[in-house]
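Source file: target-v3.pdb; contents: PDB, C-alpha atoms.
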ATOM      1  CA  PRO A  30     112.773 118.517  92.569  1.00  0.00           C
ATOM      2  CA  SER A  31     109.071 118.292  92.068  1.00  0.00           C
ATOM      3  CA  GLY A  32     107.655 114.779  91.912  1.00  0.00           C
ATOM      4  CA  PHE A  33     110.711 113.092  93.439  1.00  0.00           C
ATOM      5  CA  ARG A  34     109.845 109.834  95.204  1.00  0.00           C
ATOM      6  CA  PRO A  35     112.467 107.520  96.661  1.00  0.00           C
ATOM      7  CA  SER A  36     112.492 104.063  95.107  1.00  0.00           C
ATOM      8  CA  VAL A  37     112.680 102.346  98.498  1.00  0.00           C
ATOM      9  CA  TYR A  38     110.476 102.983 101.520  1.00  0.00           C
ATOM     10  CA  THR A  39     111.424 101.918 104.995  1.00  0.00           C
ATOM     11  CA  SER A  40     107.986 101.971 106.609  1.00  0.00           C
ATOM     12  CA  HIS A  41     106.581  98.665 107.755  1.00  0.00           C
ATOM     13  CA  GLY A  42     102.934  99.709 107.396  1.00  0.00           C
ATOM     14  CA  ASP A  43     101.055 100.559 104.223  1.00  0.00           C
ATOM     15  CA  LEU A  44     102.080 104.112 103.391  1.00  0.00           C
ATOM     16  CA  LEU A  45      99.256 106.117 101.864  1.00  0.00           C
ATOM     17  CA  ASP A  46     100.176 107.631  98.501  1.00  0.00           C
ATOM     18  CA  SER A  47      99.634 111.097  99.974  1.00  0.00           C
ATOM     19  CA  ALA A  48      98.807 112.311 103.460  1.00  0.00           C
ATOM     20  CA  ARG A  49      95.048 112.570 103.901  1.00  0.00           C
ATOM     21  CA  PRO A  50      93.887 115.362 106.224  1.00  0.00           C
ATOM     22  CA  LEU A  51      91.112 114.365 108.629  1.00  0.00           C
ATOM     23  CA  VAL A  52      88.351 116.839 109.428  1.00  0.00           C
ATOM     24  CA  VAL A  53      88.350 118.672 112.733  1.00  0.00           C
ATOM     25  CA  MET A  54      85.188 117.857 114.663  1.00  0.00           C
ATOM     26  CA  ALA A  55      83.934 117.048 118.121  1.00  0.00           C
ATOM     27  CA  LEU A  56      82.750 113.450 118.340  1.00  0.00           C
ATOM     28  CA  PRO A  57      80.312 111.851 120.778  1.00  0.00           C
ATOM     29  CA  THR A  58      81.949 109.530 123.281  1.00  0.00           C
ATOM     30  CA  GLY A  59      80.690 106.243 124.643  1.00  0.00           C
ATOM     31  CA  ASP A  60      79.432 107.909 127.829  1.00  0.00           C
ATOM     32  CA  GLY A  61      77.420 110.698 126.163  1.00  0.00           C
ATOM     33  CA  ALA A  62      80.000 113.506 126.338  1.00  0.00           C
ATOM     34  CA  THR A  63      81.929 114.874 123.344  1.00  0.00           C
ATOM     35  CA  THR A  64      85.608 114.931 122.493  1.00  0.00           C
ATOM     36  CA  ASP A  65      87.630 118.043 121.942  1.00  0.00           C
ATOM     37  CA  PRO A  66      87.370 119.016 118.247  1.00  0.00           C
ATOM     38  CA  GLY A  67      91.177 118.861 118.071  1.00  0.00           C
ATOM     39  CA  LEU A  68      91.280 115.244 119.264  1.00  0.00           C
ATOM     40  CA  LEU A  69      93.403 114.135 116.293  1.00  0.00           C
ATOM     41  CA  ARG A  70      95.775 117.103 116.518  1.00  0.00           C
ATOM     42  CA  GLY A  71      98.883 117.730 118.618  1.00  0.00           C
ATOM     43  CA  LYS A  72      99.960 114.108 119.161  1.00  0.00           C
ATOM     44  CA  TRP A  73     100.708 111.080 117.061  1.00  0.00           C
ATOM     45  CA  THR A  74      97.596 108.910 117.099  1.00  0.00           C
ATOM     46  CA  MET A  75      97.215 105.149 116.804  1.00  0.00           C
ATOM     47  CA  LEU A  76      93.645 104.755 115.671  1.00  0.00           C
ATOM     48  CA  TYR A  77      91.406 101.707 115.361  1.00  0.00           C
ATOM     49  CA  VAL A  78      87.989 101.770 113.673  1.00  0.00           C
ATOM     50  CA  GLY A  79      85.409  99.084 114.380  1.00  0.00           C
ATOM     51  CA  ASP A  80      82.372  97.687 116.126  1.00  0.00           C
ATOM     52  CA  GLY A  81      82.027  98.699 119.770  1.00  0.00           C
ATOM     53  CA  LEU A  82      81.464  95.123 120.927  1.00  0.00           C
ATOM     54  CA  CYS A  83      85.155  94.559 120.092  1.00  0.00           C
ATOM     55  CA  ASP A  84      85.666  91.048 118.733  1.00  0.00           C
ATOM     56  CA  ASP A  85      88.967  89.132 118.979  1.00  0.00           C
ATOM     57  CA  ARG A  86      90.554  91.047 116.088  1.00  0.00           C
ATOM     58  CA  CYS A  87      89.644  94.344 117.761  1.00  0.00           C
ATOM     59  CA  ARG A  88      90.991  93.188 121.128  1.00  0.00           C
ATOM     60  CA  LYS A  89      94.271  92.137 119.519  1.00  0.00           C
ATOM     61  CA  ALA A  90      94.617  95.525 117.770  1.00  0.00           C
ATOM     62  CA  LEU A  91      93.872  97.489 120.955  1.00  0.00           C
ATOM     63  CA  TYR A  92      96.351  95.338 122.880  1.00  0.00           C
ATOM     64  CA  LEU A  93      99.004  95.972 120.213  1.00  0.00           C
ATOM     65  CA  THR A  94      98.463  99.747 120.349  1.00  0.00           C
ATOM     66  CA  ARG A  95      98.645  99.710 124.157  1.00  0.00           C
ATOM     67  CA  GLN A  96     101.848  97.665 124.232  1.00  0.00           C
ATOM     68  CA  SER A  97     103.438  99.723 121.447  1.00  0.00           C
ATOM     69  CA  ARG A  98     102.708 102.942 123.317  1.00  0.00           C
ATOM     70  CA  ILE A  99     104.152 101.553 126.554  1.00  0.00           C
ATOM     71  CA  ALA A 100     107.280 100.384 124.688  1.00  0.00           C
ATOM     72  CA  LEU A 101     107.975 103.984 123.638  1.00  0.00           C
ATOM     73  CA  HIS A 102     109.015 104.730 127.245  1.00  0.00           C
ATOM     74  CA  LYS A 103     109.896 108.430 127.489  1.00  0.00           C
ATOM     75  CA  ASP A 104     108.098 109.224 124.225  1.00  0.00           C
ATOM     76  CA  MET A 105     104.797 107.594 125.145  1.00  0.00           C
ATOM     77  CA  ASP A 106     103.266 110.971 126.071  1.00  0.00           C
ATOM     78  CA  ARG A 107     103.694 112.032 122.437  1.00  0.00           C
ATOM     79  CA  VAL A 108     101.301 109.284 121.318  1.00  0.00           C
ATOM     80  CA  GLN A 109      97.626 108.685 122.014  1.00  0.00           C
ATOM     81  CA  ARG A 110      95.274 105.804 121.259  1.00  0.00           C
ATOM     82  CA  VAL A 111      91.806 106.315 119.789  1.00  0.00           C
ATOM     83  CA  PHE A 112      89.027 103.799 119.102  1.00  0.00           C
ATOM     84  CA  LEU A 113      86.409 105.059 116.623  1.00  0.00           C
ATOM     85  CA  VAL A 114      83.265 103.017 117.169  1.00  0.00           C
ATOM     86  CA  THR A 115      81.077 102.505 114.106  1.00  0.00           C
ATOM     87  CA  GLN A 116      78.181 100.717 115.821  1.00  0.00           C
ATOM     88  CA  ARG A 117      77.023  99.108 119.088  1.00  0.00           C
ATOM     89  CA  CYS A 118      79.003 101.207 121.526  1.00  0.00           C
ATOM     90  CA  CYS A 119      80.627  99.794 123.748  1.00  0.00           C
ATOM     91  CA  ASP A 120      81.941  96.937 125.838  1.00  0.00           C
ATOM     92  CA  ARG A 121      82.571  99.370 128.687  1.00  0.00           C
ATOM     93  CA  GLY A 122      83.760  96.757 131.196  1.00  0.00           C
ATOM     94  CA  PHE A 123      86.468  95.441 128.889  1.00  0.00           C
ATOM     95  CA  LEU A 124      87.596  98.894 127.766  1.00  0.00           C
ATOM     96  CA  ALA A 125      87.730 100.304 131.315  1.00  0.00           C
ATOM     97  CA  ALA A 126      89.621  97.307 132.682  1.00  0.00           C
ATOM     98  CA  GLU A 127      92.108  96.749 129.861  1.00  0.00           C
ATOM     99  CA  HIS A 128      92.448 100.168 128.181  1.00  0.00           C
ATOM    100  CA  PRO A 129      91.851 103.017 130.647  1.00  0.00           C
ATOM    101  CA  ASP A 130      93.939 105.472 128.561  1.00  0.00           C
ATOM    102  CA  LEU A 131      92.028 104.726 125.337  1.00  0.00           C
ATOM    103  CA  VAL A 132      89.902 107.538 123.907  1.00  0.00           C
ATOM    104  CA  VAL A 133      86.619 106.065 122.654  1.00  0.00           C
ATOM    105  CA  ALA A 134      84.603 108.159 120.208  1.00  0.00           C
ATOM    106  CA  ARG A 135      81.518 107.241 118.199  1.00  0.00           C
ATOM    107  CA  VAL A 136      81.246 107.691 114.438  1.00  0.00           C
ATOM    108  CA  ASP A 137      77.883 105.952 114.104  1.00  0.00           C
ATOM    109  CA  ASP A 138      75.854 108.950 112.947  1.00  0.00           C
ATOM    110  CA  PRO A 139      76.082 110.553 109.485  1.00  0.00           C
ATOM    111  CA  SER A 140      77.796 113.779 110.589  1.00  0.00           C
ATOM    112  CA  ALA A 141      80.523 111.965 112.555  1.00  0.00           C
ATOM    113  CA  ALA A 142      80.891 109.327 109.830  1.00  0.00           C
ATOM    114  CA  ALA A 143      82.259 112.105 107.581  1.00  0.00           C
ATOM    115  CA  LEU A 144      85.521 111.691 109.508  1.00  0.00           C
ATOM    116  CA  LEU A 145      85.933 108.254 107.878  1.00  0.00           C
ATOM    117  CA  GLU A 146      85.665 109.464 104.258  1.00  0.00           C
ATOM    118  CA  PRO A 147      89.454 109.910 103.720  1.00  0.00           C
ATOM    119  CA  PHE A 148      90.166 106.353 104.877  1.00  0.00           C
ATOM    120  CA  PRO A 149      90.973 104.018 101.985  1.00  0.00           C
ATOM    121  CA  ALA A 150      89.235 100.723 101.327  1.00  0.00           C
ATOM    122  CA  TYR A 151      91.695  97.836 101.013  1.00  0.00           C
ATOM    123  CA  ASP A 152      90.629  95.030  98.675  1.00  0.00           C
ATOM    124  CA  GLY A 153      87.137  96.535  98.614  1.00  0.00           C
ATOM    125  CA  VAL A 154      86.716  96.208 102.399  1.00  0.00           C
ATOM    126  CA  PRO A 155      85.373  99.421 103.994  1.00  0.00           C
ATOM    127  CA  VAL A 156      87.257 100.968 106.887  1.00  0.00           C
ATOM    128  CA  ALA A 157      84.670  99.855 109.473  1.00  0.00           C
ATOM    129  CA  ALA A 158      85.262  96.169 108.654  1.00  0.00           C
ATOM    130  CA  ALA A 159      88.980  96.218 107.796  1.00  0.00           C
ATOM    131  CA  GLY A 160      90.368  95.652 111.296  1.00  0.00           C
ATOM    132  CA  ARG A 161      93.331  97.905 110.538  1.00  0.00           C
ATOM    133  CA  ILE A 162      95.324 100.166 112.809  1.00  0.00           C
ATOM    134  CA  TYR A 163      95.911 103.640 111.361  1.00  0.00           C
ATOM    135  CA  LEU A 164      98.619 106.144 112.212  1.00  0.00           C
ATOM    136  CA  VAL A 165      97.728 109.847 112.211  1.00  0.00           C
ATOM    137  CA  ASP A 166     100.364 112.579 112.494  1.00  0.00           C
ATOM    138  CA  PRO A 167     100.073 115.539 114.937  1.00  0.00           C
ATOM    139  CA  LEU A 168      98.723 117.733 112.137  1.00  0.00           C
ATOM    140  CA  GLY A 169      95.750 115.405 111.671  1.00  0.00           C
ATOM    141  CA  ASN A 170      96.945 113.651 108.502  1.00  0.00           C
ATOM    142  CA  LEU A 171      96.282 109.959 107.951  1.00  0.00           C
ATOM    143  CA  LEU A 172      99.675 108.501 106.994  1.00  0.00           C
ATOM    144  CA  LEU A 173     100.018 104.759 107.524  1.00  0.00           C
ATOM    145  CA  SER A 174      97.828 101.695 107.853  1.00  0.00           C
ATOM    146  CA  TYR A 175      98.573  98.284 109.351  1.00  0.00           C
ATOM    147  CA  ALA A 176      96.680  95.166 108.301  1.00  0.00           C
ATOM    148  CA  PRO A 177      95.642  92.668 110.982  1.00  0.00           C
ATOM    149  CA  SER A 178      98.251  90.307 109.511  1.00  0.00           C
ATOM    150  CA  ALA A 179     101.120  92.835 109.833  1.00  0.00           C
ATOM    151  CA  PRO A 180     103.949  91.803 112.167  1.00  0.00           C
ATOM    152  CA  ASP A 181     103.371  93.064 115.713  1.00  0.00           C
ATOM    153  CA  LYS A 182     106.691  94.941 115.777  1.00  0.00           C
ATOM    154  CA  ALA A 183     105.887  96.859 112.561  1.00  0.00           C
ATOM    155  CA  LEU A 184     103.808  99.534 114.292  1.00  0.00           C
ATOM    156  CA  LEU A 185     106.372 100.080 117.037  1.00  0.00           C
ATOM    157  CA  ALA A 186     109.275 100.252 114.581  1.00  0.00           C
ATOM    158  CA  ASP A 187     107.530 102.895 112.475  1.00  0.00           C
ATOM    159  CA  LEU A 188     106.475 104.898 115.534  1.00  0.00           C
ATOM    160  CA  LYS A 189     110.001 104.966 116.946  1.00  0.00           C
ATOM    161  CA  LYS A 190     111.388 106.160 113.643  1.00  0.00           C
ATOM    162  CA  LEU A 191     108.708 108.836 113.167  1.00  0.00           C
ATOM    163  CA  LEU A 192     109.114 110.136 116.707  1.00  0.00           C
ATOM    164  CA  ARG A 193     112.885 110.289 116.310  1.00  0.00           C
ATOM    165  CA  LEU A 194     112.623 112.242 113.042  1.00  0.00           C
ATOM    166  CA  SER A 195     109.578 114.380 113.863  1.00  0.00           C
ATOM    167  CA  HIS A 196     109.769 118.027 114.820  1.00  0.00           C
ATOM    168  CA  ILE A 197     106.028 118.131 115.408  1.00  0.00           C
ATOM    169  CA  GLY A 198     104.124 116.449 118.225  1.00  0.00           C
TER     170      GLY A 198
END

Any chance you could give the structure as structure tokens?
Amino acid sequence: PSGFRPSVYTSHGDLLDSARPLVVMALPTGDGATTDPGLLRGKWTMLYVGDGLCDDRCRKALYLTRQSRIALHKDMDRVQRVFLVTQRCCDRGFLAAEHPDLVVARVDDPSAAALLEPFPAYDGVPVAAAGRIYLVDPLGNLLLSYAPSAPDKALLADLKKLLRLSHIG
């Protein structure tokens, strides 16, 4: 029936009230190239948005996404990691050494910043300062968000469940 919502959710992250489609666009990368316009399509995406200098909170989030992806074992190829840099791109040495599989794209100009418009502000904190990890489905919809204080296993638990149930990506 229309409007049916279960009374109990089993996701560990903050489920968005409705899926929010992200725009399809090529983004500049940290090395001057551009991403494929379909970057956020075809795979599940763990996405972090923040300053390119990558403070401790950023490093912890990127580490968590890396370890969660590795823990997926045979399903890890169904998931990608993306870092959207809002300013001061990038600590290249750290990213190359610790996160060679991480896709780094810049959203520091007005046209690329349009990609961030569907992201919610939590407690009035804009997406660029929130330090959250976001989960995007293979159709490019923003679905879940994880606060920096969320338990480390929350992201992995949700990913395993989504990959088990998903017929896409």

Next item on the list: Give me, please, the distance in Å between CA of Asp120 in chain A and CA of Ile162 in chain A, quoted to one decimal.
Entry: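 Taking CA of Asp120 in chain A as the start and CA of Ile162 in chain A as the end point, the length is 19.0 Å.
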
(message) Under the rule that all atoms listed in the file are counted, which of A:Leu56, A:Leu82, A:Ala179, A:Ala150 is the nearest residue to Leu68 in chain A?
(response)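 Of A:Leu56, A:Leu82, A:Ala179, A:Ala150, the one nearest Leu68 in chain A, counting all atoms listed in the file, is A:Leu56.
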
Result set, the PyMOL selection byres ((chain A and resi 50) around 7) on current file, as an mmCIF file with C-alpha atoms, keeping the file's coordinate frame:
data_model
loop_
_atom_site.group_PDB
_atom_site.id
_atom_site.type_symbol
_atom_site.label_atom_id
_atom_site.label_comp_id
_atom_site.auth_asym_id
_atom_site.auth_seq_id
_atom_site.Cartn_x
_atom_site.Cartn_y
_atom_site.Cartn_z
ATOM 1 C CA ALA A 48 98.807 112.311 103.460
ATOM 2 C CA ARG A 49 95.048 112.570 103.901
ATOM 3 C CA LEU A 51 91.112 114.365 108.629
ATOM 4 C CA VAL A 52 88.351 116.839 109.428
ATOM 5 C CA GLY A 169 95.750 115.405 111.671
ATOM 6 C CA ASN A 170 96.945 113.651 108.502
ATOM 7 C CA LEU A 171 96.282 109.959 107.951
#

Practice prompt. Would you work out the distance separating CA of His102 in chain A from CA of Leu191 in chain A, expressed in Å to one decimal?
Written response: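 Atom-to-atom, CA of His102 in chain A and CA of Leu191 in chain A are spaced 14.7 Å apart.
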
With distances taken over all atoms listed in the file, the candidate from A:Pro139, A:Gly67, A:Pro155, A:Pro129 nearest Pro167 in chain A is A:Gly67
